[in-house]
Amino acid sequence: PAIANLANGASQGYGVTVTAPATGTLLNIVASTSSTLDSDPANNNGSLPAARVTTIVQERADVVTSKTGPATVNAAAPISYTITTQNVGPSAAAAVVVSDTLPATVTFVSATGGGVRVGNVVTWPVIASLASGVAQSFDVTVVAPATGSFTNIVASTSTTPDPVPANNDGTAPASRVTTTVSELADVATSKSGPARVN
């Protein structure tokens, strides 16, 4: 609202709060006018550096990586895991890399999306940019061992700073699937003896 009369030497302050965008550089300009003749309008018309604030947005991208798979599996049966990596923003996530650490006791079969296994780790090609709100899914198939219990862990990284790294560094429960093998044993019993006897 208009200030009816601002005395000589007096000042009036205001505060403005905004929400920054996901990326970019912001320029905020303030200006004022008065019906009283101004001897130096340049210091209040928005043209001076003191009337301008430039703010650079520091991008942040919360990448969430999780996986699903069976809690139990028959011995020597195939297992399929589904891995989902989602960027919940606010900025785009750059250079996202997803990796799945397989248990040493399983046998690798395949991975969708170009995943490549080196040792017991499956790594997918770099996602150059994962926009806010976008998800990417992959599948991994392995064969279970004959016995035991094992845990499969997925994780991801991004060159964009992540405000919540715990939901994609492999430590969260949603990043881990523990599977217990239901043992099977095919017992074959046979006998031999003569076809004829006195």
# chains A, B, ... in the order shown; residues from 1 in each chain; ligands from 1
>>> residues_around(residues="Gln86 of chain A", least_positions_apart="5", cutoff="7 Å", atoms="only C-alpha atoms", output="compact mmCIF listing (two decimals) with C-alpha atoms, in the first residue's frame")
# COMPACT_ATOMS: atom_id res chain seq x y z
CA VAL A 63 16.81 -39.98 -6.40
CA VAL A 64 14.96 -42.90 -4.79
CA THR A 65 16.04 -46.43 -5.73
CA GLY A 133 8.88 -37.12 -11.37
CA VAL A 134 10.29 -39.64 -13.86
CA ALA A 135 11.12 -43.26 -13.01
CA GLN A 136 13.24 -45.90 -14.76
>>> select_by_dssp(residues="segment 27-161 of chain A", states="strand (DSSP E or B)", output="MDAnalysis selection string")
chainID A and resid 27:29 52:56 61:68 72:74 78:90 93:101 107:111 116:118 121:123 127:130 135:143 149:157
>>> closest_residue(among="A:Val122, A:Val96, A:Ala76, A:Ala7", to="Thr157 of chain A", atoms="only C-alpha atoms")
A:Val96
>>> closest_atom_pairs(of="segment 111-156 of chain A", to="segment 181-195 of chain A", cutoff="8 Å", atoms="only C-alpha atoms", output="tab-separated table")
residue	atom	partner	partner_atom	distance
A:Ala144	CA	A:Val181	CA	7.3
A:Pro145	CA	A:Val181	CA	7.4
A:Ala146	CA	A:Glu183	CA	6.4
A:Thr147	CA	A:Val181	CA	5.4
A:Gly148	CA	A:Val181	CA	5.6
A:Ser149	CA	A:Val181	CA	6.0
>>> write_last_selection(atoms="N, CA and C atoms", output="tab-separated table (two decimals), in the first residue's frame")
chain	number	residue	atom	x	y	z
A	144	ALA	N	18.59	-69.35	-8.04
A	144	ALA	CA	18.85	-69.52	-6.61
A	144	ALA	C	19.80	-70.68	-6.36
A	145	PRO	N	20.51	-70.64	-5.24
A	145	PRO	CA	21.35	-71.78	-4.86
A	145	PRO	C	20.50	-72.92	-4.29
A	146	ALA	N	21.14	-73.99	-3.87
A	146	ALA	CA	20.42	-75.15	-3.36
A	146	ALA	C	19.92	-74.96	-1.93
A	147	THR	N	20.52	-74.02	-1.22
A	147	THR	CA	20.14	-73.82	0.18
A	147	THR	C	20.58	-72.44	0.64
A	148	GLY	N	20.06	-72.02	1.80
A	148	GLY	CA	20.54	-70.79	2.40
A	148	GLY	C	19.58	-69.62	2.29
A	149	SER	N	20.06	-68.47	2.72
A	149	SER	CA	19.32	-67.21	2.66
A	149	SER	C	20.28	-66.15	2.15
>>> closest_residue(among="A:Ile127, A:Ala77, A:Val197, A:Val57", to="Val97 of chain A", atoms="only C-alpha atoms")
A:Ile127
>>> closest_residue(among="A:Gly24, A:Pro173, A:Gly46, A:Pro41", to="Ser91 of chain A", atoms="only C-alpha atoms")
A:Gly24
>>> closest_residue(among="A:Thr23, A:Asn87, A:Asn120, A:Thr151", to="Thr55 of chain A", atoms="only C-alpha atoms")
A:Thr23
>>> residues_around(residues="Val177 of chain A", least_positions_apart="3", cutoff="8 Å", atoms="only C-alpha atoms", output="NGL selection string")
:A and (67-71 or 151-153 or 173-174)
>>> closest_residue(among="A:Gln12, A:Thr72, A:Thr107, A:Ser99", to="Asp169 of chain A", atoms="only C-alpha atoms")
A:Ser99
>>> residues_around(residues="Val30 of chain A", least_positions_apart="3", cutoff="10 Å", atoms="only C-alpha atoms", output="list in words")
Asn44, Asn45, Gly46, Ser47, Leu48, Ala50, Ala51, Arg52 and Val53 of chain A
